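Peer 1: Take a look at this one; I'll ask things after.
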Amino acid sequence: MPIAAIGSLAGGIVSGIGSLAAGSSQSRAAQQALQLQKQNQQAAVAAQTQETQQQQQNEQPFLNVGTQGANSLANFLNTPFQAPTLAQAEQNPGYQFALQQGTQALDQSAAATGNLYSGTQGKALEQYGQGLGEQNYQQVYNNAMQQYMNQYGILSNTANLGANVAGQIGQQGQAAAN
């Protein structure tokens, strides 16, 4: 074999060994880069998981309040509004006083004109009592309805708080999964 051919063959072998060594070195570098990237991704996932768990922990009291509010609202809605009774309307603090004072004023006026025991006086007392009773009952009814609606509003707002927090927790979970 000629020396030139041997030299060329030896050069090719050395070149091949060098290429092989370089390829092996590049392969190790690529594997190290992949390992580093994997570690960085794992650290990012761990940080995101920790942040999501902390947010859920921070929002849990609001979710609990909302859940209680929703349960209370469901119970509340199962008990419809009850109009006040006549006895309840008569217990209105101002009613008895107004009835007493109005009756006394009518009696004094009738007594001054000599009509205390007349039919006119009886009719005046009846009209006064009916008007006062209607006015008083309407006020008692309106107060009871307002109180009912206020309670509904409070429970509804509390239930909505829980629903909003539950939605936020769901969005956070979805974002973490993505």
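Note on naming: chains are A, B, ... as they come in the structure tokens, residues start from 1 per chain, ligands start from 1 in the order shown.
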So that I can see what lies close to region 134-140 of chain A, please list as JSON, numbers by chain the residues with an atom at most 8 Å from it, counting only C-alpha atoms and leaving out residues fewer than 6 positions away in the same chain.

Peer 2: {"A": [84, 86, 89, 92, 95]}

Peer 1: Taking 2 positions as the minimum chain separation for residues in the same chain, which residues sit within 12 Å of Gly173 (chain A) when counting only C-alpha atoms? Answer as a list of chain:residue names.

Peer 2: A:Gln48, A:Thr49, A:Gln50, A:Glu51, A:Thr52, A:Gln53, A:Gln54, A:Gln55, A:Gln56, A:Ala166, A:Gly167, A:Gln168, A:Ile169, A:Gly170, A:Gln171, A:Ala175, A:Ala176, A:Ala177, A:Asn178

Peer 1: For each of A:Ala159, A:Glu126, A:Met145, A:Asn164, take the minimum atom-to-atom distance to Ala70 (chain A), counting only C-alpha atoms, then give the residue where this is smallest.

Peer 2: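 Under the stated criterion, the closest residue is A:Ala159.
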
Peer 1: Any idea what the distance is between CA of Ala43 (chain A) and CA of Ala29 (chain A)?

Peer 2: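 Taking CA of Ala43 (chain A) as the start and CA of Ala29 (chain A) as the end point, the length is 21.0 Å.
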
Peer 1: Would you please work out which residue, of A:Leu34, A:Ala163, A:Leu63, A:Ala124, is nearest to Ala110 (chain A) when using only C-alpha atoms?

Peer 2: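 Once distances to Ala110 (chain A) are computed over only C-alpha atoms, the minimum belongs to A:Ala124.
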
Peer 1: Determine, counting only C-alpha atoms, which protein, DNA and RNA residues have an atom within 12 Å of an atom of region 148-150 of chain A; residues of the same chain fewer than 5 positions away are not included. Present the result as an mmCIF file with all heavy atoms, in the first residue's frame.

Peer 2:
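The new file result_2.cif reads:
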data_model
loop_
_atom_site.group_PDB
_atom_site.id
_atom_site.type_symbol
_atom_site.label_atom_id
_atom_site.label_comp_id
_atom_site.auth_asym_id
_atom_site.auth_seq_id
_atom_site.Cartn_x
_atom_site.Cartn_y
_atom_site.Cartn_z
ATOM 1 N N LEU A 73 -79.660 30.449 52.598
ATOM 2 C CA LEU A 73 -80.584 30.993 51.597
ATOM 3 C C LEU A 73 -81.578 29.924 51.158
ATOM 4 O O LEU A 73 -82.776 30.204 51.026
ATOM 5 C CB LEU A 73 -79.805 31.528 50.392
ATOM 6 C CG LEU A 73 -80.646 32.113 49.261
ATOM 7 C CD1 LEU A 73 -81.470 33.301 49.753
ATOM 8 C CD2 LEU A 73 -79.739 32.530 48.101
ATOM 9 N N PHE A 76 -84.041 29.591 53.883
ATOM 10 C CA PHE A 76 -84.858 30.802 53.922
ATOM 11 C C PHE A 76 -85.936 30.762 52.843
ATOM 12 O O PHE A 76 -87.095 31.103 53.095
ATOM 13 C CB PHE A 76 -83.948 32.021 53.735
ATOM 14 C CG PHE A 76 -84.661 33.344 53.733
ATOM 15 C CD1 PHE A 76 -85.048 33.939 54.917
ATOM 16 C CD2 PHE A 76 -84.934 33.992 52.544
ATOM 17 C CE1 PHE A 76 -85.696 35.159 54.922
ATOM 18 C CE2 PHE A 76 -85.588 35.212 52.539
ATOM 19 C CZ PHE A 76 -85.970 35.796 53.733
ATOM 20 N N LEU A 77 -85.555 30.333 51.638
ATOM 21 C CA LEU A 77 -86.509 30.304 50.537
ATOM 22 C C LEU A 77 -87.569 29.217 50.712
ATOM 23 O O LEU A 77 -88.630 29.279 50.094
ATOM 24 C CB LEU A 77 -85.772 30.131 49.208
ATOM 25 C CG LEU A 77 -84.907 31.327 48.813
ATOM 26 C CD1 LEU A 77 -84.114 31.017 47.550
ATOM 27 C CD2 LEU A 77 -85.743 32.578 48.630
ATOM 28 N N THR A 79 -89.082 28.848 53.427
ATOM 29 C CA THR A 79 -90.037 29.451 54.366
ATOM 30 C C THR A 79 -90.522 30.752 53.737
ATOM 31 O O THR A 79 -89.850 31.769 53.822
ATOM 32 C CB THR A 79 -89.356 29.745 55.724
ATOM 33 O OG1 THR A 79 -88.739 28.556 56.191
ATOM 34 C CG2 THR A 79 -90.346 30.254 56.738
ATOM 35 N N PRO A 80 -91.697 30.733 53.094
ATOM 36 C CA PRO A 80 -92.154 31.944 52.398
ATOM 37 C C PRO A 80 -92.513 33.059 53.380
ATOM 38 O O PRO A 80 -92.704 32.821 54.572
ATOM 39 C CB PRO A 80 -93.391 31.465 51.629
ATOM 40 C CG PRO A 80 -93.845 30.244 52.335
ATOM 41 C CD PRO A 80 -92.634 29.631 52.978
ATOM 42 N N PHE A 81 -92.620 34.244 52.838
ATOM 43 C CA PHE A 81 -92.994 35.411 53.637
ATOM 44 C C PHE A 81 -94.350 35.184 54.286
ATOM 45 O O PHE A 81 -95.294 34.721 53.648
ATOM 46 C CB PHE A 81 -93.036 36.668 52.756
ATOM 47 C CG PHE A 81 -93.564 37.880 53.461
ATOM 48 C CD1 PHE A 81 -92.797 38.528 54.414
ATOM 49 C CD2 PHE A 81 -94.833 38.369 53.191
ATOM 50 C CE1 PHE A 81 -93.277 39.644 55.080
ATOM 51 C CE2 PHE A 81 -95.316 39.488 53.841
ATOM 52 C CZ PHE A 81 -94.532 40.124 54.791
ATOM 53 N N GLN A 82 -94.443 35.503 55.570
ATOM 54 C CA GLN A 82 -95.697 35.402 56.310
ATOM 55 C C GLN A 82 -96.169 36.809 56.644
ATOM 56 O O GLN A 82 -95.474 37.549 57.332
ATOM 57 C CB GLN A 82 -95.493 34.609 57.612
ATOM 58 C CG GLN A 82 -95.117 33.162 57.416
ATOM 59 C CD GLN A 82 -96.286 32.337 56.884
ATOM 60 O OE1 GLN A 82 -97.434 32.558 57.233
ATOM 61 N NE2 GLN A 82 -95.973 31.402 56.020
ATOM 62 N N ALA A 83 -97.346 37.156 56.142
ATOM 63 C CA ALA A 83 -97.904 38.470 56.463
ATOM 64 C C ALA A 83 -98.205 38.526 57.962
ATOM 65 O O ALA A 83 -98.597 37.526 58.560
ATOM 66 C CB ALA A 83 -99.182 38.699 55.664
ATOM 67 N N PRO A 84 -98.014 39.683 58.567
ATOM 68 C CA PRO A 84 -98.304 39.793 60.002
ATOM 69 C C PRO A 84 -99.796 39.602 60.279
ATOM 70 O O PRO A 84 -100.637 39.919 59.450
ATOM 71 C CB PRO A 84 -97.853 41.209 60.362
ATOM 72 C CG PRO A 84 -97.388 41.852 59.121
ATOM 73 C CD PRO A 84 -97.502 40.909 57.995
ATOM 74 N N TYR A 141 -97.044 45.626 57.948
ATOM 75 C CA TYR A 141 -96.818 44.742 56.790
ATOM 76 C C TYR A 141 -95.565 45.177 56.028
ATOM 77 O O TYR A 141 -94.707 44.349 55.701
ATOM 78 C CB TYR A 141 -98.042 44.757 55.871
ATOM 79 C CG TYR A 141 -97.893 43.857 54.672
ATOM 80 C CD1 TYR A 141 -98.332 42.546 54.716
ATOM 81 C CD2 TYR A 141 -97.314 44.315 53.493
ATOM 82 C CE1 TYR A 141 -98.197 41.702 53.626
ATOM 83 C CE2 TYR A 141 -97.174 43.494 52.394
ATOM 84 C CZ TYR A 141 -97.612 42.182 52.460
ATOM 85 O OH TYR A 141 -97.459 41.360 51.379
ATOM 86 N N ASN A 142 -95.461 46.466 55.721
ATOM 87 C CA ASN A 142 -94.295 46.977 54.991
ATOM 88 C C ASN A 142 -92.998 46.724 55.760
ATOM 89 O O ASN A 142 -91.976 46.365 55.159
ATOM 90 C CB ASN A 142 -94.453 48.465 54.693
ATOM 91 C CG ASN A 142 -95.506 48.739 53.644
ATOM 92 O OD1 ASN A 142 -95.923 47.854 52.911
ATOM 93 N ND2 ASN A 142 -95.968 49.977 53.593
ATOM 94 N N ASN A 143 -93.036 46.926 57.068
ATOM 95 C CA ASN A 143 -91.839 46.672 57.882
ATOM 96 C C ASN A 143 -91.440 45.195 57.829
ATOM 97 O O ASN A 143 -90.262 44.868 57.710
ATOM 98 C CB ASN A 143 -92.058 47.102 59.331
ATOM 99 C CG ASN A 143 -92.130 48.601 59.498
ATOM 100 O OD1 ASN A 143 -91.769 49.363 58.604
ATOM 101 N ND2 ASN A 143 -92.616 49.036 60.641
ATOM 102 N N LEU A 155 -78.417 37.131 52.622
ATOM 103 C CA LEU A 155 -78.108 35.726 52.328
ATOM 104 C C LEU A 155 -77.713 35.537 50.867
ATOM 105 O O LEU A 155 -76.794 34.773 50.548
ATOM 106 C CB LEU A 155 -79.299 34.837 52.676
ATOM 107 C CG LEU A 155 -79.638 34.758 54.159
ATOM 108 C CD1 LEU A 155 -80.929 33.984 54.376
ATOM 109 C CD2 LEU A 155 -78.498 34.147 54.953
ATOM 110 N N SER A 156 -78.383 36.251 49.981
ATOM 111 C CA SER A 156 -78.064 36.158 48.553
ATOM 112 C C SER A 156 -76.651 36.677 48.275
ATOM 113 O O SER A 156 -75.882 36.054 47.535
ATOM 114 C CB SER A 156 -79.094 36.952 47.750
ATOM 115 O OG SER A 156 -78.814 36.878 46.382
ATOM 116 N N ASN A 157 -76.298 37.796 48.871
ATOM 117 C CA ASN A 157 -74.952 38.346 48.687
ATOM 118 C C ASN A 157 -73.884 37.407 49.247
ATOM 119 O O ASN A 157 -72.813 37.247 48.653
ATOM 120 C CB ASN A 157 -74.836 39.725 49.343
ATOM 121 C CG ASN A 157 -75.591 40.791 48.596
ATOM 122 O OD1 ASN A 157 -75.922 40.641 47.422
ATOM 123 N ND2 ASN A 157 -75.902 41.884 49.270
#

Peer 1: Using only C-alpha atoms, can you tell me which of A:Ala44, A:Ala112, A:Ile154, A:Leu132 comes closest to Phe97 (chain A)?

Peer 2: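 Closest to Phe97 (chain A), using only C-alpha atoms: A:Leu132.
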
Peer 1: Taking only C-alpha atoms into account, which of A:Ser72, A:Gln108, A:Thr103, A:Gln57 comes nearest Lys123 (chain A)?

Peer 2: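 Among the listed residues, the smallest separation from Lys123 (chain A) belongs to A:Thr103.
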